[in-house]
Amino acid sequence: MKLFDLKDQHKEALNVAEGLIAAAERGNRDMTPSEKSLMEAKMAEANALVPRIAAAAAQNTLASQLGPKGFFPASGTVAQPSSVNPLRLGAAMTPEYAQSLQAFLRTGGKAHGEELTAGADGVGGYHIPGSELYTRQRSANGQLARMNAATYEGTLGSSNSAGGYAVSVPTDQLIVPLGLPDLGIFDASMVVPTSTDVKIPQAASFGTSALKAESTGTIATFGGTDPSLGQVTLSAFMSGALRLCSWELIQDVEAFNAFIVDDLIKGQRILEGSLLASGTGTGQAQGVFGNTGTGTGTTYNLAGTAADSTTLLNSLFDVVSTLKGVYQANAVWVLARSTGLAIRRAQMQSNLFAAIATVDADGTERILGKPVFYDVNAPALPTTTTAVVLPILYGDFKAGYVVGVRGGAGINIKILDQPWANQGQLGILAYRRLDGRVRRSEAIQSVKISHT
């Protein structure tokens with residue numbers, strides 16, 4: 001039986017056992033004899049599969065070149081989020097593709113199975129199964145960070161005559177990850193796959209109508225002016241990172257394989273998030289902050305007094321009124337988490353009868369009934385030493401801001417085994433091509449705040 005089949009059986013047995021325990025806990029009761037018998041049988045089945053999985057894994061030599069746990073979950077397939085725009089993802093999620101990519105990595109790029117064409121980017125790189133999950137801000141506890149503990153050699157303790165030489169000091173095989181920061185702009189915006197530059201036409205101004213005089217003894221013609229059009233180009237700009245790993249590290253430290261890929265994906269997302277917020281638009285994405293509608297226009301002044309709570313809350317009502325009705329249905333808020341907490345505190349201090357900031361049962365935060373997307377790159381509220389800032393955006397980001405991802409939603413990888421082979425090192429290159437453009441500035445309005 002194949003390795004991924006064994007893992008599927010192991011996972012299914014554990015799921016059944018956990019389901020029985022959870023059902024008893026939800027009912028605040030003990031398990032029935034039949035439930036207990038079934039649970040024990042499933043646990044025994046799962047335990048019996050462990051040595052078989054270990055034996056099958058030992059025959060899989062991928063561990064010597066970026067072990068499979070860094071790329072593939074237990075079943076060998078990755079579920080695709082419904083919100084991600086699929087391009088080639090369906091074909092690149094099969095066990096056959098995973099095995100072919102393993103062979104490609106294991107041989108340093110020399111093996112090219114037919115299945116690899118499903119995830120090829122056209123320039124020698126291949127899609128990483130699971131990396132597209134990060135387009136929805138998956139945490140480090142997601143599929144790519146699930147690393148099973150493996151056997152390892154312990155290190156001896158400090159030398160002393162009381163037995164220090166015999167003290168084992170093992171290292172946990174899970175590298176505790178850093179949490180991915182809030183990157184709400186990507187999630188709130190319209191994300192589309194592209195294969196070439198895309199010209200997006202847009203209306204620059206309305207055509208106008210005019211009164212027409214009655215046609216009696218003279219000829220009266222219709223007046224008015226024609227509408228004008230503009231154009232936005234959605235392109236793609238390359239970004240990525242290269243990591244060098246020694247052959248010894250790749251072979252000996254299984255947990256590092258998953259860690260380095262996880263780190264590459266997070267680094268890519270963090271860079272892209274900063275560009276989507278404040279990019280110049282020249283040779284990189286155009287940031288949404290500073291390129292939207294003027295919103296309320298007049299600067300709200302925080303003076304460091306008790307009146308600041310009312311001022312901050314008033315700005316929220318006012319910016320909502322500046323957004324046209326056609327965009328209100330899909331409108332959301334984008335702001336820093338610290339700003340969101342300041343709004344909640346202002347609500348508490350003002351002791352309002354009607355809540356402005358609320359939280360749904362599923363944890364969705366809302367302001368005036370509209371969802372909140374936090375982004376670490378949004379400017380913070382001004383302090384006494386801060387000039388005028390735009391810390392809050394409100395509008396329909398699906399209509400106002402478009403993100404183009406070239407070649408699919410995931411991140412691609414190249415294994416560079418030749419350039420540093422004489423140094424005993426392996427290069428791991430991860431990259432993606434992306435652009436973001438404001439395509440309708442009036443769909444997103446801003447709040448301008450200062451401090452005296």
# chains A, B, ... in the order shown; residues from 1 in each chain; ligands from 1

call {"tool": "residues_around", "arguments": {"residues": "Ile343 of chain A", "least_positions_apart": "5", "cutoff": "10 Å", "atoms": "only C-alpha atoms", "output": "PyMOL selection string"}}
result
chain A and resi 309-310+312-313+316+337-338+348-349+356-357+367

call {"tool": "select_by_dssp", "arguments": {"residues": "segment 245-371 of chain A", "states": "alpha helix (DSSP H)", "output": "MDAnalysis selection string"}}
result
chainID A and resid 247:252 254:278 308:322 325:328 337:350

call {"tool": "residues_around", "arguments": {"residues": "segment 16-23 of chain A", "least_positions_apart": "6", "cutoff": "7 Å", "atoms": "only C-alpha atoms", "output": "mmCIF file with N, CA and C atoms, in the first residue's frame"}}
result
data_model
loop_
_atom_site.group_PDB
_atom_site.id
_atom_site.type_symbol
_atom_site.label_atom_id
_atom_site.label_comp_id
_atom_site.auth_asym_id
_atom_site.auth_seq_id
_atom_site.Cartn_x
_atom_site.Cartn_y
_atom_site.Cartn_z
ATOM 1 N N GLU A 35 -19.893 3.113 21.896
ATOM 2 C CA GLU A 35 -19.008 4.204 21.477
ATOM 3 C C GLU A 35 -17.594 3.987 21.987
ATOM 4 N N MET A 39 -14.322 3.534 19.735
ATOM 5 C CA MET A 39 -13.206 4.472 19.894
ATOM 6 C C MET A 39 -11.902 3.712 20.145
ATOM 7 N N LYS A 42 -10.679 2.086 16.927
ATOM 8 C CA LYS A 42 -10.093 3.034 15.988
ATOM 9 C C LYS A 42 -8.710 3.495 16.463
ATOM 10 N N MET A 43 -8.545 3.693 17.771
ATOM 11 C CA MET A 43 -7.235 4.072 18.294
ATOM 12 C C MET A 43 -6.223 2.948 18.068
#

call {"tool": "closest_atom_pairs", "arguments": {"of": "segment 298-362 of chain A", "to": "segment 273-280 of chain A", "cutoff": "12 Å", "atoms": "only C-alpha atoms", "output": "Markdown table"}}
result
| residue | atom | partner | partner_atom | distance |
| --- | --- | --- | --- | --- |
| A:Val334 | CA | A:Ala277 | CA | 10.3 |
| A:Leu335 | CA | A:Ala277 | CA | 10.7 |
| A:Ala336 | CA | A:Ala277 | CA | 11.4 |

call {"tool": "write_last_selection", "arguments": {"atoms": "C-alpha atoms", "output": "compact mmCIF listing (two decimals), in the first residue's frame"}}
result
# COMPACT_ATOMS: atom_id res chain seq x y z
CA VAL A 334 -9.49 48.62 6.26
CA LEU A 335 -7.43 49.91 9.18
CA ALA A 336 -4.71 48.94 11.63

call {"tool": "residues_around", "arguments": {"residues": "Ala443 of chain A", "least_positions_apart": "4", "cutoff": "10 Å", "atoms": "only C-alpha atoms", "output": "ChimeraX atom specification"}}
result
/A:292-293,323-328,331,394-401,438-439

call {"tool": "write_last_selection", "arguments": {"atoms": "C-alpha atoms", "output": "tab-separated table (two decimals), in the first residue's frame"}}
result
chain	number	residue	atom	x	y	z
A	292	THR	CA	-8.51	56.68	-3.13
A	293	GLY	CA	-11.33	59.18	-2.85
A	323	LEU	CA	-19.52	56.79	-0.31
A	324	LYS	CA	-22.02	56.50	-3.16
A	325	GLY	CA	-24.94	54.17	-2.62
A	326	VAL	CA	-23.89	51.81	-5.42
A	327	TYR	CA	-20.81	50.83	-3.38
A	328	GLN	CA	-22.45	50.58	0.06
A	331	ALA	CA	-18.34	48.16	1.58
A	394	TYR	CA	-14.00	52.61	3.82
A	395	GLY	CA	-15.49	51.34	0.59
A	396	ASP	CA	-16.03	48.54	-1.90
A	397	PHE	CA	-12.53	47.16	-2.40
A	398	LYS	CA	-13.77	44.56	-4.90
A	399	ALA	CA	-14.83	47.41	-7.18
A	400	GLY	CA	-12.08	49.87	-6.27
A	401	TYR	CA	-8.85	47.83	-6.06
A	438	VAL	CA	-6.74	51.37	-7.94
A	439	ARG	CA	-9.25	51.01	-10.76

call {"tool": "atom_distance", "arguments": {"atom1": "atom CA of Ser246 of chain A", "atom2": "atom CA of Gly424 of chain A"}}
result
5.8 Å

call {"tool": "closest_residue", "arguments": {"among": "A:Arg437, A:His127, A:Lys370, A:Lys199", "to": "Ile413 of chain A", "atoms": "only C-alpha atoms"}}
result
A:His127

call {"tool": "residues_around", "arguments": {"residues": "Ala241 of chain A", "least_positions_apart": "6", "cutoff": "8 Å", "atoms": "only C-alpha atoms", "output": "list in words"}}
result
Leu264, Gly267, Gln268, Leu429, Ala430 and Tyr431 of chain A

call {"tool": "closest_residue", "arguments": {"among": "A:Ala54, A:Leu183, A:Leu6, A:Ala421", "to": "Ala378 of chain A", "atoms": "only C-alpha atoms"}}
result
A:Leu183

call {"tool": "closest_residue", "arguments": {"among": "A:Leu302, A:Ala41, A:Ala236, A:Ile175", "to": "Thr383 of chain A", "atoms": "only C-alpha atoms"}}
result
A:Leu302

call {"tool": "atom_distance", "arguments": {"atom1": "atom CA of Val198 of chain A", "atom2": "atom CA of Ile270 of chain A"}}
result
24.6 Å
